[in-house]
Every structure is written in C-alpha cells, then in structure tokens.
$ cat my_file08.pdb   # PDB, C-alpha atoms
ATOM      1  CA  MET V   1      -6.183  16.138  -2.805
ATOM      2  CA  ARG V   2      -3.415  14.105  -1.191
ATOM      3  CA  SER V   3      -5.945  11.326  -0.508
ATOM      4  CA  LEU V   4      -6.607  11.232  -4.251
ATOM      5  CA  GLY V   5      -2.885  11.031  -4.980
ATOM      6  CA  THR V   6      -2.790  14.471  -6.563
ATOM      7  CA  PRO V   7      -0.515  17.417  -5.739
ATOM      8  CA  VAL V   8      -2.443  20.587  -4.943
ATOM      9  CA  LEU V   9      -2.050  23.748  -6.993
ATOM     10  CA  PRO V  10      -0.553  26.737  -5.151
ATOM     11  CA  ARG V  11      -2.847  29.352  -3.597
ATOM     12  CA  ALA V  12      -1.040  32.029  -5.649
ATOM     13  CA  PHE V  13      -2.257  30.286  -8.828
ATOM     14  CA  PHE V  14      -5.897  30.831  -7.814
ATOM     15  CA  THR V  15      -5.176  34.391  -6.693
ATOM     16  CA  ARG V  16      -3.747  35.143 -10.158
ATOM     17  CA  LEU V  17      -6.719  33.465 -11.850
ATOM     18  CA  ALA V  18      -9.116  35.615  -9.817
ATOM     19  CA  ALA V  19      -7.229  38.777 -10.775
ATOM     20  CA  THR V  20      -6.814  37.853 -14.438
ATOM     21  CA  PHE V  21     -10.309  36.460 -15.065
ATOM     22  CA  ALA V  22     -12.415  38.619 -12.739
ATOM     23  CA  GLY V  23     -16.050  38.220 -13.731
ATOM     24  CA  LEU V  24     -15.361  34.963 -15.579
ATOM     25  CA  ILE V  25     -14.161  32.833 -12.671
ATOM     26  CA  VAL V  26     -16.479  31.826  -9.855
ATOM     27  CA  PHE V  27     -15.373  30.483  -6.468
ATOM     28  CA  GLY V  28     -17.538  28.722  -3.910
ATOM     29  CA  ALA V  29     -17.170  26.890  -0.613
ATOM     30  CA  VAL V  30     -19.210  24.912   1.890
ATOM     31  CA  TYR V  31     -18.503  25.540   5.567
ATOM     32  CA  ARG V  32     -19.269  23.429   8.608
ATOM     33  CA  SER V  33     -18.787  24.941  12.059
ATOM     34  CA  GLY V  34     -16.924  27.837  10.447
ATOM     35  CA  GLN V  35     -14.398  25.611   8.652
ATOM     36  CA  PRO V  36     -14.330  24.998   4.871
ATOM     37  CA  VAL V  37     -15.142  21.367   4.064
ATOM     38  CA  ALA V  38     -15.619  21.642   0.281
ATOM     39  CA  ALA V  39     -14.612  24.211  -2.296
ATOM     40  CA  GLY V  40     -14.482  24.658  -6.012
ATOM     41  CA  CYS V  41     -14.173  27.084  -8.852
ATOM     42  CA  GLY V  42     -14.938  27.265 -12.508
ATOM     43  CA  PHE V  43     -15.260  29.556 -15.486
ATOM     44  CA  VAL V  44     -18.235  31.209 -17.142
ATOM     45  CA  TRP V  45     -17.931  31.736 -20.875
ATOM     46  CA  ARG V  46     -20.928  33.161 -22.680
ATOM     47  CA  ASP V  47     -23.807  30.909 -21.626
ATOM     48  CA  GLU V  48     -21.700  28.026 -20.317
ATOM     49  CA  PHE V  49     -20.039  27.262 -17.004
ATOM     50  CA  GLU V  50     -17.356  24.636 -16.459
ATOM     51  CA  MET V  51     -16.592  23.425 -12.951
ATOM     52  CA  THR V  52     -12.838  23.199 -13.295
ATOM     53  CA  TRP V  53     -11.664  22.350  -9.760
ATOM     54  CA  ALA V  54     -13.606  20.961  -6.807
ATOM     55  CA  SER V  55     -12.701  19.000  -3.743
ATOM     56  CA  SER V  56     -13.942  18.173  -0.270
ATOM     57  CA  LEU V  57     -12.435  16.847   2.900
ATOM     58  CA  ARG V  58     -12.788  13.083   3.079
ATOM     59  CA  GLU V  59     -13.634  13.124   6.792
ATOM     60  CA  HIS V  60     -16.833  15.062   5.957
ATOM     61  CA  SER V  61     -17.997  12.814   3.120
ATOM     62  CA  ARG V  62     -20.900  11.381   5.183
ATOM     63  CA  SER V  63     -22.540  14.815   5.145
ATOM     64  CA  ALA V  64     -21.987  15.080   1.347
ATOM     65  CA  PRO V  65     -20.640  18.663   1.162
ATOM     66  CA  ASN V  66     -19.903  18.214  -2.559
ATOM     67  CA  MET V  67     -23.635  17.834  -3.204
ATOM     68  CA  LEU V  68     -24.294  21.205  -1.577
ATOM     69  CA  LEU V  69     -21.298  22.728  -3.357
ATOM     70  CA  TYR V  70     -22.494  21.664  -6.811
ATOM     71  CA  TRP V  71     -26.120  22.565  -6.009
ATOM     72  CA  SER V  72     -24.991  26.061  -4.995
ATOM     73  CA  PHE V  73     -22.979  26.486  -8.190
ATOM     74  CA  ILE V  74     -25.912  25.292 -10.319
ATOM     75  CA  GLU V  75     -28.255  27.705  -8.537
ATOM     76  CA  GLN V  76     -25.834  30.580  -9.029
ATOM     77  CA  MET V  77     -25.380  29.797 -12.727
ATOM     78  CA  ILE V  78     -29.142  29.638 -13.307
ATOM     79  CA  ALA V  79     -29.449  33.044 -11.629
ATOM     80  CA  ARG V  80     -26.757  34.377 -13.998
ATOM     81  CA  GLY V  81     -28.591  33.044 -17.052
ATOM     82  CA  VAL V  82     -26.069  30.320 -17.826
ATOM     83  CA  ARG V  83     -27.655  27.597 -19.959
ATOM     84  CA  VAL V  84     -24.985  24.848 -19.888
ATOM     85  CA  PHE V  85     -23.395  23.496 -16.714
ATOM     86  CA  ASP V  86     -20.308  21.453 -17.595
ATOM     87  CA  PHE V  87     -19.233  19.286 -14.660
ATOM     88  CA  GLY V  88     -15.676  19.143 -15.997
ATOM     89  CA  ARG V  89     -13.456  16.268 -16.987
ATOM     90  CA  CYS V  90     -12.956  13.019 -15.168
ATOM     91  CA  THR V  91     -11.982   9.439 -15.863
ATOM     92  CA  PRO V  92     -14.920   7.301 -17.121
ATOM     93  CA  GLY V  93     -16.005   4.778 -14.514
ATOM     94  CA  SER V  94     -14.278   6.615 -11.645
ATOM     95  CA  GLY V  95     -15.975   7.763  -8.441
ATOM     96  CA  THR V  96     -15.889  11.318  -9.748
ATOM     97  CA  HIS V  97     -17.573  10.166 -12.958
ATOM     98  CA  ARG V  98     -20.340   8.409 -10.993
ATOM     99  CA  PHE V  99     -20.821  11.531  -8.839
ATOM    100  CA  LYS V 100     -21.263  13.695 -11.935
ATOM    101  CA  ARG V 101     -23.546  11.223 -13.712
ATOM    102  CA  GLN V 102     -26.009  11.182 -10.804
ATOM    103  CA  TRP V 103     -26.811  14.824 -11.604
ATOM    104  CA  GLY V 104     -28.183  13.698 -14.970
ATOM    105  CA  GLY V 105     -25.296  14.845 -17.094
ATOM    106  CA  ARG V 106     -24.218  13.208 -20.331
ATOM    107  CA  GLY V 107     -20.635  12.170 -20.881
ATOM    108  CA  ARG V 108     -18.626  13.180 -23.901
ATOM    109  CA  ARG V 109     -15.037  12.472 -24.804
ATOM    110  CA  ALA V 110     -12.733  15.452 -24.619
ATOM    111  CA  PRO V 111      -9.259  15.263 -26.116
ATOM    112  CA  VAL V 112      -6.528  15.731 -23.509
ATOM    113  CA  ALA V 113      -2.857  15.434 -24.330
ATOM    114  CA  ALA V 114       0.264  15.685 -22.209
ATOM    115  CA  MET V 115       2.637  18.282 -23.562
ATOM    116  CA  VAL V 116       5.704  17.369 -21.514
ATOM    117  CA  GLY V 117       8.499  14.837 -21.650
ATOM    118  CA  PRO V 118       9.127  12.018 -24.088
ATOM    119  CA  GLN V 119       5.472  10.909 -24.127
ATOM    120  CA  ARG V 120       4.351  14.082 -25.862
ATOM    121  CA  GLY V 121       0.792  13.596 -27.011
ATOM    122  CA  ALA V 122       0.060  10.776 -24.544
ATOM    123  CA  THR V 123      -3.188  11.159 -22.635
ATOM    124  CA  PRO V 124      -2.700  11.245 -18.838
ATOM    125  CA  SER V 125      -4.617   8.377 -17.277
ATOM    126  CA  PRO V 126      -4.898   6.740 -13.859
ATOM    127  CA  GLU V 127      -4.762   3.432 -15.741
ATOM    128  CA  ARG V 128      -1.084   3.958 -16.608
ATOM    129  CA  PRO V 129       1.265   2.100 -14.256
ATOM    130  CA  THR V 130       3.531   5.118 -13.739
ATOM    131  CA  TYR V 131       0.585   7.319 -12.786
ATOM    132  CA  ARG V 132      -0.800   4.666 -10.389
ATOM    133  CA  LEU V 133       2.584   4.253  -8.697
ATOM    134  CA  ALA V 134       3.136   8.005  -8.332
ATOM    135  CA  ALA V 135      -0.367   8.494  -6.869
ATOM    136  CA  ALA V 136       0.110   5.611  -4.421
ATOM    137  CA  LEU V 137       3.429   7.054  -3.242
ATOM    138  CA  TRP V 138       1.948  10.541  -2.917
ATOM    139  CA  ARG V 139      -0.864   9.236  -0.666
ATOM    140  CA  ARG V 140       1.726   7.801   1.738
ATOM    141  CA  LEU V 141       3.755  10.990   2.144
ATOM    142  CA  PRO V 142       3.165  13.069   5.280
ATOM    143  CA  LEU V 143       0.684  15.912   4.763
ATOM    144  CA  GLY V 144       3.319  18.539   5.607
ATOM    145  CA  VAL V 145       5.578  17.213   2.834
ATOM    146  CA  THR V 146       2.800  17.157   0.237
ATOM    147  CA  ASN V 147       1.687  20.681   1.201
ATOM    148  CA  ARG V 148       5.252  21.927   0.843
ATOM    149  CA  ILE V 149       6.245  20.310  -2.475
ATOM    150  CA  GLY V 150       2.793  19.821  -4.028
ATOM    151  CA  PRO V 151       2.448  23.317  -5.521
ATOM    152  CA  PHE V 152       5.933  23.015  -7.072
ATOM    153  CA  LEU V 153       5.059  19.649  -8.662
ATOM    154  CA  ALA V 154       1.531  20.603  -9.715
ATOM    155  CA  ARG V 155       2.853  23.405 -11.923
ATOM    156  CA  ARG V 156       4.887  20.848 -13.865
ATOM    157  CA  LEU V 157       2.109  18.299 -14.441
ATOM    158  CA  PRO V 158       0.047  18.251 -17.629
TER
END
$ encode --input "my_file08.pdb" --output "structure tokens"
Amino acid sequence: MRSLGTPVLPRAFFTRLAATFAGLIVFGAVYRSGQPVAAGCGFVWRDEFEMTWASSLREHSRSAPNMLLYWSFIEQMIARGVRVFDFGRCTPGSGTHRFKRQWGGRGRRAPVAAMVGPQRGATPSPERPTYRLAAALWRRLPLGVTNRIGPFLARRLP
C-alpha cells in the first residue's frame, strides 16, 4: 500500500469487521513459498459480493497473484450462489481500473464524498494536487514509519 501512496488500515480494524460481520465478510489470500503475496476481502449482501480491499506485493507482480486472488474469490462466490461480483471502486483510467476491466466488468459511476474538513462534499481524487503530493511523500517515507503511523492516519481519511 505504501508503494501506492496509501496508508494501510490497522489489523484491528479487520479483526473487528470479521467479528461484527461474520458470515457477510470474506477474506482470501494467495501464498507463495508459505508467505502471503496478495490478499483481499469483501462483503456479501444478498446475491451480491463487493471486493472492498485487495492488494499484492509489488515484487511478486510478474507472477500475477492478484489474478489468482480474484479468480479464487469469483469461484467462491459462484459456489455460494452469488450472482453479482462487484470489483469495487477505483479511479477511471487507472491501473486498477484497467485490471478490473480485463475481467469483463462494466464501469458505473458511484457517488463518493469526503465528509471531513473544509472541503466537505468534495470527491477524493488522485487528480487533486494535494492528494498527489501527499501520496508522493508517503511513498518516500521509510516502511517502518508508514507501518507505524499509517493505521492512525488511515482512520482519519475519507
């Protein structure tokens, strides 16, 4: 996540989600030589599934662990009788958007609004200069620093 310029959510957040939404939240991971190289989770609601968070280690991108991760989630959702697989939100034209489109999905605009600070109602976007600057700075911080302060910051982001 640091490579993307994004603070990571705390582990405790996912632990609480699992406890609160047992049966509705699904976790998955891809391992290589016993180490996780990609992971994700999402929510099942009625006959739909939304992949809410997913990430993989950049150094393993040549082996495309995200492809296996998404394939495994799709397989699991079909087995559960889920009819709609929502790949989740992303910025149109981004690498994430291209990844999701190659699965044959159709894009649709989803309203997203920031609910913090003076720009209440502004949509967060990597096109905004402030966002670009913050992400660029985050990528340059040492991993230990981002791991330490990332969960604190992530809770405060829209």
$ residues_around --input "my_file08.pdb" --residues "Phe27 (chain V)" --least-positions-apart "4" --cutoff "12 Å" --atoms "only C-alpha atoms" --output "NGL selection string"
:V and (14-15 or 17-18 or 21-23 or 38-44 or 49-54 or 69-70 or 72-73 or 76-77)
$ resolve_selection --input "my_file08.pdb" --expression "the PyMOL selection byres ((chain V and resi 105) around 12)" --output "MDAnalysis selection string"
chainID V and resid 84:89 97:104 106:108
$ closest_residue --input "my_file08.pdb" --among "V:Tyr31, V:Gly93, V:Trp45, V:Ile78" --to "Ala64 (chain V)" --atoms "only C-alpha atoms"
V:Tyr31
$ resolve_selection --input "my_file08.pdb" --expression "the PyMOL selection byres ((chain V and resi 139) around 12)" --output "list in words"
Met1, Arg2, Ser3, Leu4, Gly5, Thr6, Pro7, Arg132, Leu133, Ala134, Ala135, Ala136, Leu137, Trp138, Arg140, Leu141, Pro142, Leu143, Gly144, Val145, Thr146, Asn147 and Gly150 of chain V
$ atom_distance --input "my_file08.pdb" --atom1 "CA of Glu127 (chain V)" --atom2 "CA of Phe152 (chain V)"
23.9 Å
$ atom_distance --input "my_file08.pdb" --atom1 "CA of Gly81 (chain V)" --atom2 "CA of Pro65 (chain V)"
24.5 Å
$ atom_distance --input "my_file08.pdb" --atom1 "CA of Ser56 (chain V)" --atom2 "CA of Ala79 (chain V)"
24.3 Å
$ closest_residue --input "my_file08.pdb" --among "V:Gly95, V:Glu75, V:Arg80, V:His60" --to "Leu24 (chain V)" --atoms "only C-alpha atoms"
V:Arg80
$ closest_residue --input "my_file08.pdb" --among "V:Asp47, V:Leu68, V:Arg16, V:Ser61" --to "Gly28 (chain V)" --atoms "only C-alpha atoms"
V:Leu68
